[in-house]
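K.L.:
Compact mmCIF, C-alpha atoms, saved as run00.txt, coming up:
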# COMPACT_ATOMS: atom_id res chain seq x y z
CA MET A 1 93.59 84.57 50.87
CA ARG A 2 95.56 82.83 49.33
CA LYS A 3 93.60 81.84 49.79
CA ARG A 4 92.89 81.89 51.83
CA ARG A 5 95.53 81.20 50.59
CA ALA A 6 94.93 82.84 52.44
CA ALA A 7 94.84 83.15 51.31
CA ILE A 8 96.96 84.12 50.08
CA ALA A 9 99.69 84.37 48.62
CA VAL A 10 102.47 85.94 48.21
CA LEU A 11 102.01 88.97 48.86
CA GLY A 12 109.26 94.09 43.59
CA ALA A 13 110.05 96.93 41.92
CA THR A 14 108.60 100.20 43.16
CA VAL A 15 105.20 100.99 41.68
CA MET A 16 105.08 104.52 40.31
CA ALA A 17 102.32 106.63 41.76
CA VAL A 18 100.02 108.09 39.17
CA SER A 19 97.85 111.01 40.15
CA VAL A 20 94.10 110.67 40.23
CA ALA A 21 93.73 113.52 37.78
CA ALA A 22 96.17 111.98 35.35
CA CYS A 23 94.32 108.68 35.27
CA GLY A 24 90.99 110.34 34.57
CA SER A 25 89.46 109.91 37.98
CA GLY A 26 87.48 113.08 37.76
CA LYS A 27 84.35 112.90 35.62
CA SER A 28 85.80 110.92 32.74
CA ASP A 29 83.83 107.77 33.45
CA LYS A 30 80.81 109.25 35.19
CA ALA A 31 77.68 108.93 33.16
CA SER A 32 74.29 110.55 32.99
CA GLY A 33 72.68 108.02 30.70
CA PRO A 34 73.01 104.44 29.41
CA GLY A 35 74.86 105.49 26.29
CA ASP A 36 77.77 106.77 28.32
CA PHE A 37 78.73 103.20 29.26
CA LYS A 38 78.79 101.86 25.72
CA GLY A 39 82.13 100.31 24.89
CA LYS A 40 83.49 100.48 28.42
CA THR A 41 85.08 97.38 29.91
CA LEU A 42 85.86 97.12 33.59
CA THR A 43 88.71 94.69 34.14
CA VAL A 44 88.78 92.91 37.48
CA TRP A 45 91.58 90.60 38.57
CA LEU A 46 90.46 87.96 41.05
CA MET A 47 92.54 85.12 42.39
CA SER A 48 92.04 81.44 41.68
CA GLY A 49 89.50 80.00 44.08
CA SER A 50 88.06 83.34 45.17
CA ASN A 51 85.11 83.73 42.82
CA PRO A 52 82.63 80.82 42.85
CA PRO A 53 80.79 80.28 39.55
CA GLY A 54 77.34 81.25 40.81
CA TRP A 55 78.61 84.45 42.41
CA THR A 56 80.58 85.34 39.29
CA LYS A 57 77.62 84.81 36.99
CA ASP A 58 75.25 86.80 39.18
CA ILE A 59 77.50 89.79 39.83
CA THR A 60 78.39 90.01 36.14
CA ALA A 61 74.71 90.09 35.24
CA ALA A 62 73.93 92.65 37.96
CA PHE A 63 76.79 94.93 36.95
CA GLU A 64 76.00 94.86 33.24
CA LYS A 65 72.30 95.45 33.94
CA LYS A 66 73.11 98.45 36.11
CA TYR A 67 75.50 99.87 33.50
CA PRO A 68 73.99 99.10 30.07
CA GLY A 69 76.61 98.87 27.36
CA ALA A 70 79.45 98.23 29.82
CA LYS A 71 81.18 94.88 30.11
CA LEU A 72 82.60 93.27 33.22
CA SER A 73 85.74 91.26 32.51
CA ILE A 74 86.66 89.10 35.49
CA GLN A 75 90.09 87.61 34.89
CA VAL A 76 91.26 84.84 37.22
CA GLN A 77 94.90 84.96 38.26
CA GLN A 78 97.07 82.28 39.85
CA TRP A 79 98.64 82.84 43.25
CA ASN A 80 101.94 81.48 42.04
CA GLY A 81 103.99 84.52 40.98
CA ILE A 82 101.16 87.02 41.47
CA GLN A 83 103.22 89.59 43.38
CA GLN A 84 105.63 90.16 40.50
CA LYS A 85 102.78 90.14 37.97
CA LEU A 86 100.67 92.59 39.96
CA THR A 87 103.64 94.86 40.67
CA THR A 88 104.23 95.14 36.94
CA ALA A 89 100.56 95.61 36.10
CA LEU A 90 100.06 98.42 38.62
CA SER A 91 103.07 100.30 37.26
CA GLU A 92 101.68 100.37 33.72
CA SER A 93 99.40 103.02 32.20
CA THR A 94 96.52 100.59 31.67
CA PRO A 95 96.35 98.33 34.73
CA PRO A 96 93.33 96.22 35.68
CA ASP A 97 90.75 98.50 37.25
CA VAL A 98 90.03 96.40 40.31
CA VAL A 99 92.40 93.92 41.90
CA GLU A 100 92.10 91.34 44.62
CA ILE A 101 95.07 91.52 46.95
CA GLY A 102 96.02 89.18 49.75
CA ASN A 103 95.66 90.79 53.15
CA THR A 104 99.40 90.65 53.86
CA GLN A 105 100.17 92.30 50.51
CA THR A 106 97.99 95.38 50.83
CA PRO A 107 100.35 97.65 52.82
CA TYR A 108 103.10 96.92 50.29
CA TYR A 109 101.06 98.12 47.31
CA ALA A 110 99.61 101.04 49.25
CA ALA A 111 103.11 102.24 50.16
CA THR A 112 104.36 101.98 46.60
CA GLY A 113 101.54 104.09 45.18
CA GLY A 114 99.74 101.44 43.17
CA LEU A 115 96.38 101.70 44.95
CA MET A 116 93.80 104.46 45.00
CA ASP A 117 92.98 106.14 48.30
CA LEU A 118 89.41 105.11 49.17
CA THR A 119 89.18 106.92 52.49
CA GLY A 120 86.48 109.26 51.26
CA ASP A 121 84.51 106.32 49.85
CA ARG A 122 84.63 104.08 52.89
CA ALA A 123 81.15 104.82 54.24
CA ASP A 124 79.61 104.50 50.77
CA LEU A 125 81.27 101.09 50.41
CA GLY A 126 79.76 99.88 53.68
CA GLY A 127 82.85 100.40 55.78
CA ASN A 128 81.01 101.42 58.93
CA ASP A 129 80.09 97.78 59.50
CA TRP A 130 83.32 96.04 58.49
CA THR A 131 84.85 93.74 61.08
CA PRO A 132 87.83 95.68 62.50
CA ALA A 133 90.17 92.67 62.44
CA LEU A 134 89.53 92.15 58.74
CA ASN A 135 89.74 95.83 57.86
CA ALA A 136 93.09 96.36 59.60
CA SER A 137 95.06 95.06 56.62
CA ALA A 138 93.24 97.39 54.21
CA VAL A 139 94.40 100.52 56.06
CA TYR A 140 97.84 102.05 55.67
CA GLN A 141 98.97 105.17 57.53
CA ASP A 142 95.37 105.77 58.60
CA LYS A 143 94.10 105.82 55.02
CA GLN A 144 91.77 103.28 53.41
CA PHE A 145 93.57 101.83 50.38
CA ALA A 146 91.38 98.76 49.94
CA ALA A 147 88.23 97.16 51.26
CA PRO A 148 88.14 93.87 53.19
CA TRP A 149 86.48 91.21 51.06
CA TYR A 150 86.71 87.93 52.94
CA ALA A 151 88.83 85.88 55.30
CA SER A 152 89.53 82.20 55.69
CA ASN A 153 91.92 79.75 57.24
CA ARG A 154 93.09 76.23 56.66
CA VAL A 155 91.57 73.16 58.26
CA VAL A 156 92.18 69.44 57.96
CA VAL A 157 90.30 68.05 54.96
CA TYR A 158 89.96 64.28 55.25
CA ASN A 159 88.55 61.25 53.42
CA LYS A 160 85.85 59.86 55.68
CA LYS A 161 85.95 56.38 54.14
CA ILE A 162 89.69 56.00 54.54
CA TRP A 163 89.52 57.15 58.15
CA ALA A 164 86.55 54.87 58.91
CA ASP A 165 88.35 51.90 57.35
CA ALA A 166 91.21 52.61 59.76
CA GLY A 167 88.80 52.26 62.68
CA ILE A 168 88.59 55.96 63.49
CA LYS A 169 85.18 56.93 64.81
CA ASP A 170 85.63 60.58 65.81
CA THR A 171 87.74 63.48 64.63
CA PRO A 172 90.77 64.28 66.83
CA ARG A 173 90.53 67.00 69.45
CA THR A 174 94.22 67.19 70.34
CA GLN A 175 97.53 67.07 68.55
CA ASP A 176 98.35 63.70 70.12
CA GLU A 177 95.04 62.26 68.95
CA PHE A 178 95.73 63.60 65.47
CA PHE A 179 99.05 61.77 65.27
CA LYS A 180 97.43 58.62 66.64
CA ASP A 181 94.79 58.75 63.90
CA LEU A 182 97.39 59.34 61.20
CA ASP A 183 99.33 56.35 62.50
CA ALA A 184 96.18 54.24 62.19
CA VAL A 185 95.52 55.41 58.64
CA LYS A 186 99.14 54.73 57.70
CA ALA A 187 99.06 51.27 59.29
CA LYS A 188 96.02 50.41 57.21
CA GLY A 189 98.12 50.78 54.06
CA THR A 190 97.36 54.34 52.99
CA GLN A 191 100.60 55.70 51.55
CA ASP A 192 99.53 59.32 52.03
CA ALA A 193 97.84 59.38 55.40
CA LEU A 194 98.48 63.13 55.26
CA TYR A 195 99.67 65.00 52.20
CA ALA A 196 101.71 67.96 53.52
CA PRO A 197 103.96 69.67 50.93
CA GLY A 198 107.29 70.83 52.33
CA GLN A 199 106.93 74.50 51.34
CA ASP A 200 103.45 75.21 52.68
CA TRP A 201 104.71 78.11 54.79
CA TYR A 202 101.22 79.32 55.64
CA SER A 203 100.53 76.15 57.57
CA PHE A 204 103.96 76.37 59.18
CA ASP A 205 103.20 79.94 60.24
CA GLY A 206 100.12 78.69 62.06
CA PHE A 207 102.25 76.22 64.03
CA LEU A 208 104.70 79.00 64.80
CA LEU A 209 101.91 81.22 66.10
CA ASP A 210 100.67 78.29 68.15
CA ALA A 211 104.16 77.93 69.62
CA GLY A 212 103.94 81.52 70.84
CA ALA A 213 106.09 83.38 68.32
CA ASP A 214 105.87 85.16 64.99
CA LEU A 215 107.84 85.13 61.76
CA VAL A 216 109.42 88.42 62.74
CA LYS A 217 110.12 90.36 65.90
CA LYS A 218 110.62 94.01 66.67
CA SER A 219 114.18 95.26 67.03
CA GLY A 220 114.17 98.95 67.85
CA ASP A 221 112.10 100.63 65.18
CA SER A 222 112.52 97.80 62.70
CA TYR A 223 111.36 94.24 62.17
CA VAL A 224 113.83 91.37 61.92
CA SER A 225 113.37 87.70 61.13
CA ASN A 226 112.61 85.35 64.00
CA LEU A 227 113.20 81.90 62.53
CA ASP A 228 116.28 81.18 64.63
CA SER A 229 114.21 80.73 67.78
CA PRO A 230 113.11 77.78 69.93
CA GLN A 231 109.51 78.32 68.87
CA ALA A 232 110.35 78.18 65.17
CA ALA A 233 112.42 75.04 65.72
CA ALA A 234 109.48 73.40 67.47
CA ALA A 235 107.08 74.47 64.72
CA ILE A 236 109.24 73.21 61.86
CA ASN A 237 109.91 69.92 63.62
CA LEU A 238 106.15 69.49 64.02
CA TYR A 239 105.66 70.22 60.33
CA LYS A 240 108.46 67.80 59.46
CA LYS A 241 106.62 65.08 61.34
CA LEU A 242 103.41 65.84 59.45
CA ASN A 243 105.26 65.75 56.12
CA SER A 244 106.58 62.29 57.02
CA TYR A 245 103.04 60.85 56.90
CA GLY A 246 102.97 60.97 53.12
CA THR A 247 104.81 61.34 49.85
CA ALA A 248 104.40 65.11 49.41
CA PRO A 249 107.59 66.70 48.06
CA LYS A 250 109.84 68.49 50.50
CA ASP A 251 110.84 71.13 47.94
CA LYS A 252 107.44 72.12 46.49
CA ASP A 253 104.45 74.08 47.74
CA GLU A 254 100.78 73.12 47.92
CA ALA A 255 100.18 74.32 44.34
CA THR A 256 102.95 72.21 42.75
CA PRO A 257 101.10 70.01 42.10
CA GLN A 258 97.78 71.30 43.32
CA GLN A 259 97.12 69.28 46.46
CA SER A 260 93.43 69.19 45.62
CA ASP A 261 94.33 67.25 42.46
CA VAL A 262 96.35 64.79 44.52
CA PHE A 263 93.47 64.36 47.00
CA ALA A 264 91.04 63.86 44.10
CA LYS A 265 92.64 60.50 43.33
CA GLY A 266 90.79 59.12 46.33
CA ASP A 267 93.73 57.44 48.02
CA VAL A 268 94.86 60.28 50.30
CA GLY A 269 93.78 60.29 53.91
CA ALA A 270 93.91 64.03 54.51
CA PHE A 271 95.54 67.36 53.70
CA ILE A 272 95.59 70.81 55.28
CA GLY A 273 93.74 73.25 53.08
CA PHE A 274 90.67 75.27 52.11
CA GLY A 275 87.12 74.43 51.18
CA TRP A 276 87.66 75.50 47.60
CA GLU A 277 90.41 72.89 47.34
CA ALA A 278 87.99 70.22 48.52
CA ALA A 279 85.50 71.47 45.93
CA GLY A 280 88.21 71.20 43.28
CA ALA A 281 88.82 67.60 44.28
CA ILE A 282 85.10 66.82 44.03
CA ALA A 283 84.95 68.43 40.59
CA LYS A 284 87.66 66.04 39.41
CA ASN A 285 86.26 63.06 41.27
CA PRO A 286 82.50 63.39 41.98
CA GLN A 287 82.57 60.14 43.96
CA LEU A 288 84.22 62.06 46.76
CA LYS A 289 81.19 64.32 47.25
CA ASP A 290 79.92 62.50 50.34
CA GLU A 291 83.31 61.31 51.56
CA ILE A 292 84.96 64.60 52.52
CA GLY A 293 84.98 65.87 56.08
CA TYR A 294 86.62 68.79 57.88
CA PHE A 295 87.96 69.57 61.33
CA PRO A 296 90.07 72.37 62.81
CA ILE A 297 93.79 71.67 63.10
CA PRO A 298 93.97 70.26 66.64
CA GLY A 299 95.85 72.11 69.35
CA ARG A 300 97.77 70.70 72.26
CA THR A 301 94.68 70.57 74.50
CA ALA A 302 91.11 69.51 73.80
CA GLY A 303 88.63 72.25 73.05
CA LYS A 304 91.25 74.70 71.83
CA PRO A 305 92.16 74.37 68.14
CA ALA A 306 95.66 75.28 67.05
CA LYS A 307 96.32 78.84 66.01
CA VAL A 308 96.21 79.35 62.27
CA PHE A 309 97.37 81.81 59.66
CA LEU A 310 94.25 83.83 58.99
CA GLY A 311 94.40 84.55 55.32
CA GLY A 312 92.10 86.80 53.43
CA SER A 313 91.70 89.13 50.52
CA ASN A 314 90.95 92.79 49.97
CA LEU A 315 89.57 94.53 46.91
CA ALA A 316 91.32 97.67 45.68
CA VAL A 317 91.13 100.13 42.79
CA ALA A 318 94.31 100.64 40.78
CA GLN A 319 95.63 104.18 41.08
CA ALA A 320 95.93 104.39 37.28
CA SER A 321 92.50 102.92 36.51
CA LYS A 322 90.85 104.50 33.47
CA ASN A 323 87.43 103.75 34.97
CA PRO A 324 87.74 104.75 38.63
CA GLU A 325 84.06 105.55 39.21
CA LEU A 326 82.91 102.28 37.64
CA ALA A 327 85.57 100.51 39.67
CA LYS A 328 84.27 102.00 42.92
CA ASP A 329 80.74 101.08 41.92
CA PHE A 330 81.86 97.50 41.34
CA LEU A 331 83.35 97.47 44.84
CA LYS A 332 80.10 98.80 46.24
CA LEU A 333 78.22 96.01 44.48
CA ALA A 334 80.65 93.25 45.47
CA LEU A 335 80.71 94.42 49.10
CA SER A 336 76.95 94.76 49.39
CA ASP A 337 75.11 92.46 51.78
CA GLN A 338 73.66 90.64 48.77
CA PHE A 339 76.94 89.69 47.14
CA GLU A 340 79.07 89.55 50.27
CA GLY A 341 76.52 87.15 51.73
CA ALA A 342 76.35 85.14 48.52
CA LEU A 343 80.14 84.83 48.45
CA ALA A 344 80.17 83.56 52.04
CA LYS A 345 77.40 81.09 51.33
CA GLU A 346 78.75 79.68 48.06
CA GLY A 347 82.46 80.00 48.80
CA GLY A 348 82.38 79.11 52.49
CA VAL A 349 84.52 82.11 53.41
CA ILE A 350 84.19 84.41 56.41
CA PRO A 351 82.40 87.62 55.29
CA ASN A 352 83.64 91.11 56.09
CA LYS A 353 80.91 91.83 58.63
CA THR A 354 79.74 89.57 61.43
CA ALA A 355 76.07 90.24 60.64
CA LEU A 356 76.52 88.08 57.53
CA ASN A 357 77.93 85.02 59.33
CA SER A 358 74.53 83.35 59.15
CA ASN A 359 75.36 82.63 55.50
CA LEU A 360 77.88 80.03 56.73
CA ALA A 361 75.21 77.81 58.29
CA GLY A 362 75.26 74.29 56.90
CA ASN A 363 78.74 74.62 55.41
CA PRO A 364 80.98 72.06 57.15
CA PHE A 365 84.22 73.67 56.02
CA ALA A 366 83.14 77.12 57.16
CA THR A 367 82.03 75.70 60.48
CA ALA A 368 85.44 74.12 61.04
CA ALA A 369 87.27 77.22 59.82
CA SER A 370 85.28 79.63 61.96
CA ALA A 371 86.03 77.51 65.03
CA ALA A 372 89.73 78.17 64.54
CA ALA A 373 89.45 81.74 63.24
CA ALA A 374 89.35 83.19 66.75
CA ASN A 375 92.94 82.01 67.15
CA GLY A 376 93.99 83.37 63.78
CA GLY A 377 96.97 85.60 63.18
CA THR A 378 98.77 87.11 60.24
CA THR A 379 102.13 88.44 59.20
CA PRO A 380 103.09 91.97 60.27
CA LEU A 381 101.07 94.49 58.32
CA ILE A 382 104.12 96.40 57.11
CA PRO A 383 105.02 97.36 53.52
CA ALA A 384 108.33 95.53 53.56
CA TRP A 385 106.61 92.21 54.12
CA GLY A 386 105.76 92.04 50.43
CA ASN A 387 109.49 91.80 49.72
CA VAL A 388 109.75 88.71 51.90
CA GLU A 389 107.06 86.88 49.99
CA ASN A 390 108.67 87.52 46.61
CA LYS A 391 109.80 84.29 45.01
CA PRO A 392 111.81 82.47 46.01
CA ASN A 393 110.31 82.85 49.46
CA PRO A 394 113.15 82.18 51.96
CA ILE A 395 110.78 80.87 54.62
CA SER A 396 109.78 77.96 52.45
CA THR A 397 112.73 77.46 50.12
CA ILE A 398 115.61 77.98 52.55
CA PHE A 399 114.20 77.22 55.98
CA MET A 400 111.41 74.68 55.51
CA THR A 401 112.91 72.65 52.68
CA GLY A 402 116.32 72.83 54.35
CA VAL A 403 115.05 71.32 57.58
CA LEU A 404 112.83 68.75 55.89
CA GLN A 405 115.81 67.58 53.87
CA GLY A 406 117.87 67.07 57.01
CA GLN A 407 119.47 70.41 57.84
CA ASP A 408 119.67 71.55 61.45
CA PRO A 409 116.81 74.00 62.19
CA SER A 410 119.14 76.65 63.62
CA ALA A 411 121.54 76.46 60.68
CA ALA A 412 118.70 76.68 58.15
CA ALA A 413 117.13 79.51 60.15
CA LYS A 414 120.32 81.58 60.14
CA GLN A 415 120.49 81.34 56.34
CA ALA A 416 116.81 82.25 55.94
CA ASP A 417 117.02 85.04 58.53
CA ALA A 418 119.87 86.68 56.62
CA GLU A 419 117.83 86.77 53.41
CA ILE A 420 114.63 87.87 55.14
CA ASN A 421 116.42 90.71 56.97
CA LYS A 422 117.91 91.83 53.67
CA ARG A 423 114.45 92.02 52.16
CA LEU A 424 112.92 93.71 55.18
CA SER A 425 115.52 96.47 54.91
CA GLN A 426 114.78 97.19 51.25
CA LYS A 427 113.39 100.64 50.58
CA GLN A 428 109.87 100.86 49.24
Starting from the file, give its structure as structure tokens.

P.N.:
Amino acid sequence: MRKRRAAIAVLGATVMAVSVAACGSGKSDKASGPGDFKGKTLTVWLMSGSNPPGWTKDITAAFEKKYPGAKLSIQVQQWNGIQQKLTTALSESTPPDVVEIGNTQTPYYAATGGLMDLTGDRADLGGNDWTPALNASAVYQDKQFAAPWYASNRVVVYNKKIWADAGIKDTPRTQDEFFKDLDAVKAKGTQDALYAPGQDWYSFDGFLLDAGADLVKKSGDSYVSNLDSPQAAAAINLYKKLNSYGTAPKDKDEATPQQSDVFAKGDVGAFIGFGWEAAGAIAKNPQLKDEIGYFPIPGRTAGKPAKVFLGGSNLAVAQASKNPELAKDFLKLALSDQFEGALAKEGGVIPNKTALNSNLAGNPFATAASAAAANGGTTPLIPAWGNVENKPNPISTIFMTGVLQGQDPSAAAKQADAEINKRLSQKQ
């Protein structure tokens, strides 16, 4: 995601396919006794914000208890630049065994041969109960190349005290009410009524979906960019207005600097983000613990939140993993009701099966996010989309920053469309 980002990030050179036999996926890491695990280390790459501390501690203990002598090495990666880093890692002879991949990235890595085919393992991993909408991104050409782990979407995270001091009693239900509230916060002297970085293309994508269009459209048998459209112009102008309510840079994304760090200072009215970002702000400034609230991004009419980019993450086994059986067993553990439920409860993310949604009870972020999730959408689940998200991402760097710095939306769109179409046409 990036999460949820997110999910989600950023989802390249071609990854060389390595055969299952060559990477020792037969019986090389199967064991009949505890001694067989001695000295083995299972390396798992998870993305920043995805693995809460309690969940990480517990699953590490459970894994190492189940496989005496083995070690679980969970290595946290940053979303910024992850596609290039993961592309390189999966092409090497000793990649991480298990990787977290953003939902929009999965078809890209499946097509390039970097991920192990888990079709035969789906039932054993709990796949019969996975929510179809979440599992769609983990399937490529009718084969299961990953397992859905969680989903999430952005909401408005706000400072209750700042909003109360501006005379606001209730959270906005419509877009017009939202702007009215931001005006009130701004008028009260808050410099950053809303902190909205100019290259947060995930939030922009939500506004585009809400306007009735997508980032791409079908042209014959291919996809082409759709930024030079009335809907995209409306969406970017809306985002430009939101950006004007604060001092967020027009040429940086939400991680530069981390918007949670900015919010942690205590003088920002609101930002659009995830629950883990709010938790990060509280960690830096504990005084905010009781001052943070959440509400879905308002739509044009009351009772219907705006559509959002539904981010999420899948878990996959590297094709060249030296420990494929241990890797699959880790997936089975992580995707179990115990740990999937614990992740939802501690992380406030939407679990991969609806039967586990009860774990979200009492989580204000998850409540707000789930209210908007029904309107969620994602980028086309096509391999070439990974090329688009390679840095520098033309959606954010050419189109969004261009418009926010004064360029005409159509002119900026034409430039971005040309680059996006070039990337969409690249062979996998």

K.L.:
Counting all atoms listed in the file, which residue out of A:Gly341, A:Gly348, A:Gly312, A:Pro364 sits closest to Gln105 in chain A?

P.N.:
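Under the stated criterion, the closest residue is A:Gly312.
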
K.L.:
I'd like the contact shell of range 141-158 of chain A - 7 Å cut-off, only C-alpha atoms, skipping same-chain residues fewer than 6 positions apart - returned as a PyMOL selection string.

P.N.:
chain A and resi 1+4+6-7+110+115-119+134-135+269-274+292-297+308-316+335+349-352+368-369+373

K.L.:
My list of candidates is A:Gly402, A:Pro298, A:Gly377, A:Gly69. Which is closest to Ala133 in chain A when distances are computed with all atoms listed in the file?

P.N.:
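Ranking A:Gly402, A:Pro298, A:Gly377, A:Gly69 by distance to Ala133 in chain A, first place goes to A:Gly377.
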
K.L.:
So that I can check the surroundings of Ser358 in chain A, please list as a JSON list (two decimals) with C-alpha atoms, in the coordinates of the input every protein, DNA and RNA residue that reaches within 10 Å of it, counting all atoms listed in the file and ignoring chain neighbours fewer than 3 positions away.

P.N.:
[["chain", "number", "residue", "atom", "x", "y", "z"],
["A", 341, "GLY", "CA", 76.52, 87.15, 51.73],
["A", 344, "ALA", "CA", 80.17, 83.56, 52.04],
["A", 345, "LYS", "CA", 77.40, 81.09, 51.33],
["A", 351, "PRO", "CA", 82.40, 87.62, 55.29],
["A", 354, "THR", "CA", 79.74, 89.57, 61.43],
["A", 355, "ALA", "CA", 76.07, 90.24, 60.64],
["A", 361, "ALA", "CA", 75.21, 77.81, 58.29],
["A", 362, "GLY", "CA", 75.26, 74.29, 56.90]]

K.L.:
Within 12 Å of range 325-329 of chain A, counting all atoms listed in the file, which residues qualify if same-chain residues fewer than 4 places away don't, as a PDB file with C-alpha atoms, in the frame of the given file?

P.N.:
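Contents of out.pdb, as written:
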ATOM      1  CA  VAL A  20      94.100 110.670  40.230  1.00  0.00           C
ATOM      2  CA  CYS A  23      94.320 108.680  35.270  1.00  0.00           C
ATOM      3  CA  GLY A  24      90.990 110.340  34.570  1.00  0.00           C
ATOM      4  CA  SER A  25      89.460 109.910  37.980  1.00  0.00           C
ATOM      5  CA  GLY A  26      87.480 113.080  37.760  1.00  0.00           C
ATOM      6  CA  LYS A  27      84.350 112.900  35.620  1.00  0.00           C
ATOM      7  CA  SER A  28      85.800 110.920  32.740  1.00  0.00           C
ATOM      8  CA  ASP A  29      83.830 107.770  33.450  1.00  0.00           C
ATOM      9  CA  LYS A  30      80.810 109.250  35.190  1.00  0.00           C
ATOM     10  CA  ALA A  31      77.680 108.930  33.160  1.00  0.00           C
ATOM     11  CA  ASP A  36      77.770 106.770  28.320  1.00  0.00           C
ATOM     12  CA  PHE A  37      78.730 103.200  29.260  1.00  0.00           C
ATOM     13  CA  LYS A  40      83.490 100.480  28.420  1.00  0.00           C
ATOM     14  CA  THR A  41      85.080  97.380  29.910  1.00  0.00           C
ATOM     15  CA  LEU A  42      85.860  97.120  33.590  1.00  0.00           C
ATOM     16  CA  THR A  43      88.710  94.690  34.140  1.00  0.00           C
ATOM     17  CA  VAL A  44      88.780  92.910  37.480  1.00  0.00           C
ATOM     18  CA  TRP A  45      91.580  90.600  38.570  1.00  0.00           C
ATOM     19  CA  ILE A  59      77.500  89.790  39.830  1.00  0.00           C
ATOM     20  CA  ALA A  62      73.930  92.650  37.960  1.00  0.00           C
ATOM     21  CA  PHE A  63      76.790  94.930  36.950  1.00  0.00           C
ATOM     22  CA  GLU A  64      76.000  94.860  33.240  1.00  0.00           C
ATOM     23  CA  LYS A  66      73.110  98.450  36.110  1.00  0.00           C
ATOM     24  CA  TYR A  67      75.500  99.870  33.500  1.00  0.00           C
ATOM     25  CA  ALA A  70      79.450  98.230  29.820  1.00  0.00           C
ATOM     26  CA  LYS A  71      81.180  94.880  30.110  1.00  0.00           C
ATOM     27  CA  LEU A  72      82.600  93.270  33.220  1.00  0.00           C
ATOM     28  CA  SER A  73      85.740  91.260  32.510  1.00  0.00           C
ATOM     29  CA  PRO A  96      93.330  96.220  35.680  1.00  0.00           C
ATOM     30  CA  ASP A  97      90.750  98.500  37.250  1.00  0.00           C
ATOM     31  CA  VAL A  98      90.030  96.400  40.310  1.00  0.00           C
ATOM     32  CA  VAL A  99      92.400  93.920  41.900  1.00  0.00           C
ATOM     33  CA  MET A 116      93.800 104.460  45.000  1.00  0.00           C
ATOM     34  CA  ASP A 117      92.980 106.140  48.300  1.00  0.00           C
ATOM     35  CA  LEU A 118      89.410 105.110  49.170  1.00  0.00           C
ATOM     36  CA  THR A 119      89.180 106.920  52.490  1.00  0.00           C
ATOM     37  CA  GLY A 120      86.480 109.260  51.260  1.00  0.00           C
ATOM     38  CA  ASP A 121      84.510 106.320  49.850  1.00  0.00           C
ATOM     39  CA  ARG A 122      84.630 104.080  52.890  1.00  0.00           C
ATOM     40  CA  ASP A 124      79.610 104.500  50.770  1.00  0.00           C
ATOM     41  CA  LEU A 125      81.270 101.090  50.410  1.00  0.00           C
ATOM     42  CA  GLY A 126      79.760  99.880  53.680  1.00  0.00           C
ATOM     43  CA  PHE A 145      93.570 101.830  50.380  1.00  0.00           C
ATOM     44  CA  ALA A 146      91.380  98.760  49.940  1.00  0.00           C
ATOM     45  CA  ALA A 147      88.230  97.160  51.260  1.00  0.00           C
ATOM     46  CA  LEU A 315      89.570  94.530  46.910  1.00  0.00           C
ATOM     47  CA  ALA A 316      91.320  97.670  45.680  1.00  0.00           C
ATOM     48  CA  VAL A 317      91.130 100.130  42.790  1.00  0.00           C
ATOM     49  CA  ALA A 318      94.310 100.640  40.780  1.00  0.00           C
ATOM     50  CA  GLN A 319      95.630 104.180  41.080  1.00  0.00           C
ATOM     51  CA  ALA A 320      95.930 104.390  37.280  1.00  0.00           C
ATOM     52  CA  SER A 321      92.500 102.920  36.510  1.00  0.00           C
ATOM     53  CA  LEU A 333      78.220  96.010  44.480  1.00  0.00           C
ATOM     54  CA  ALA A 334      80.650  93.250  45.470  1.00  0.00           C
ATOM     55  CA  LEU A 335      80.710  94.420  49.100  1.00  0.00           C
ATOM     56  CA  SER A 336      76.950  94.760  49.390  1.00  0.00           C
TER      57      SER A 336
END

K.L.:
Rounded to one decimal place, report the CA of Ala283 in chain A-CA of Thr190 in chain A distance in Å.

P.N.:
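So the answer is 22.5 Å.
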
K.L.:
Closest to Ala123 in chain A among A:Asp251, A:Lys332, A:Lys65, A:Gln191, using all atoms listed in the file?

P.N.:
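The closest residue to Ala123 in chain A is A:Lys332.
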
K.L.:
Of the residues A:Ala184, A:Val76, A:Ala413, A:Met47, which is the one nearest to Gly102 in chain A, using all atoms listed in the file?

P.N.:
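Distance minimum relative to Gly102 in chain A lands on A:Met47.
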
K.L.:
To one decimal place, how far is CA of Ile236 in chain A from CA of Gly386 in chain A in Å?

P.N.:
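Result for CA of Ile236 in chain A versus CA of Gly386 in chain A: 22.3 Å, one decimal.
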
K.L.:
Could you tell me how far CA of Pro380 in chain A lies from CA of Tyr223 in chain A, in Å and to one decimal?

P.N.:
8.8 Å

K.L.:
Looking at A:Gln287, A:Thr56, A:Asn390, A:Asn237, which one is nearest to Gln84 in chain A, with distances taken over only C-alpha atoms?

P.N.:
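Of the candidates, the smallest distance to Gln84 in chain A is held by A:Asn390.
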
K.L.:
Quick one: everything within 9 Å of Thr401 in chain A, counting only C-alpha atoms, minus sequence neighbours fewer than 4 positions away in the same chain. Send it as an mmCIF file with C-alpha atoms, in the coordinates of the input.

P.N.:
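For reference, part04.cif as written:
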data_model
loop_
_atom_site.group_PDB
_atom_site.id
_atom_site.type_symbol
_atom_site.label_atom_id
_atom_site.label_comp_id
_atom_site.auth_asym_id
_atom_site.auth_seq_id
_atom_site.Cartn_x
_atom_site.Cartn_y
_atom_site.Cartn_z
ATOM 1 C CA GLY A 198 107.290 70.830 52.330
ATOM 2 C CA GLN A 199 106.930 74.500 51.340
ATOM 3 C CA LYS A 250 109.840 68.490 50.500
ATOM 4 C CA ASP A 251 110.840 71.130 47.940
ATOM 5 C CA LYS A 252 107.440 72.120 46.490
ATOM 6 C CA ILE A 395 110.780 80.870 54.620
ATOM 7 C CA SER A 396 109.780 77.960 52.450
ATOM 8 C CA THR A 397 112.730 77.460 50.120
ATOM 9 C CA GLN A 405 115.810 67.580 53.870
ATOM 10 C CA GLY A 406 117.870 67.070 57.010
ATOM 11 C CA GLN A 407 119.470 70.410 57.840
ATOM 12 C CA ALA A 412 118.700 76.680 58.150
#
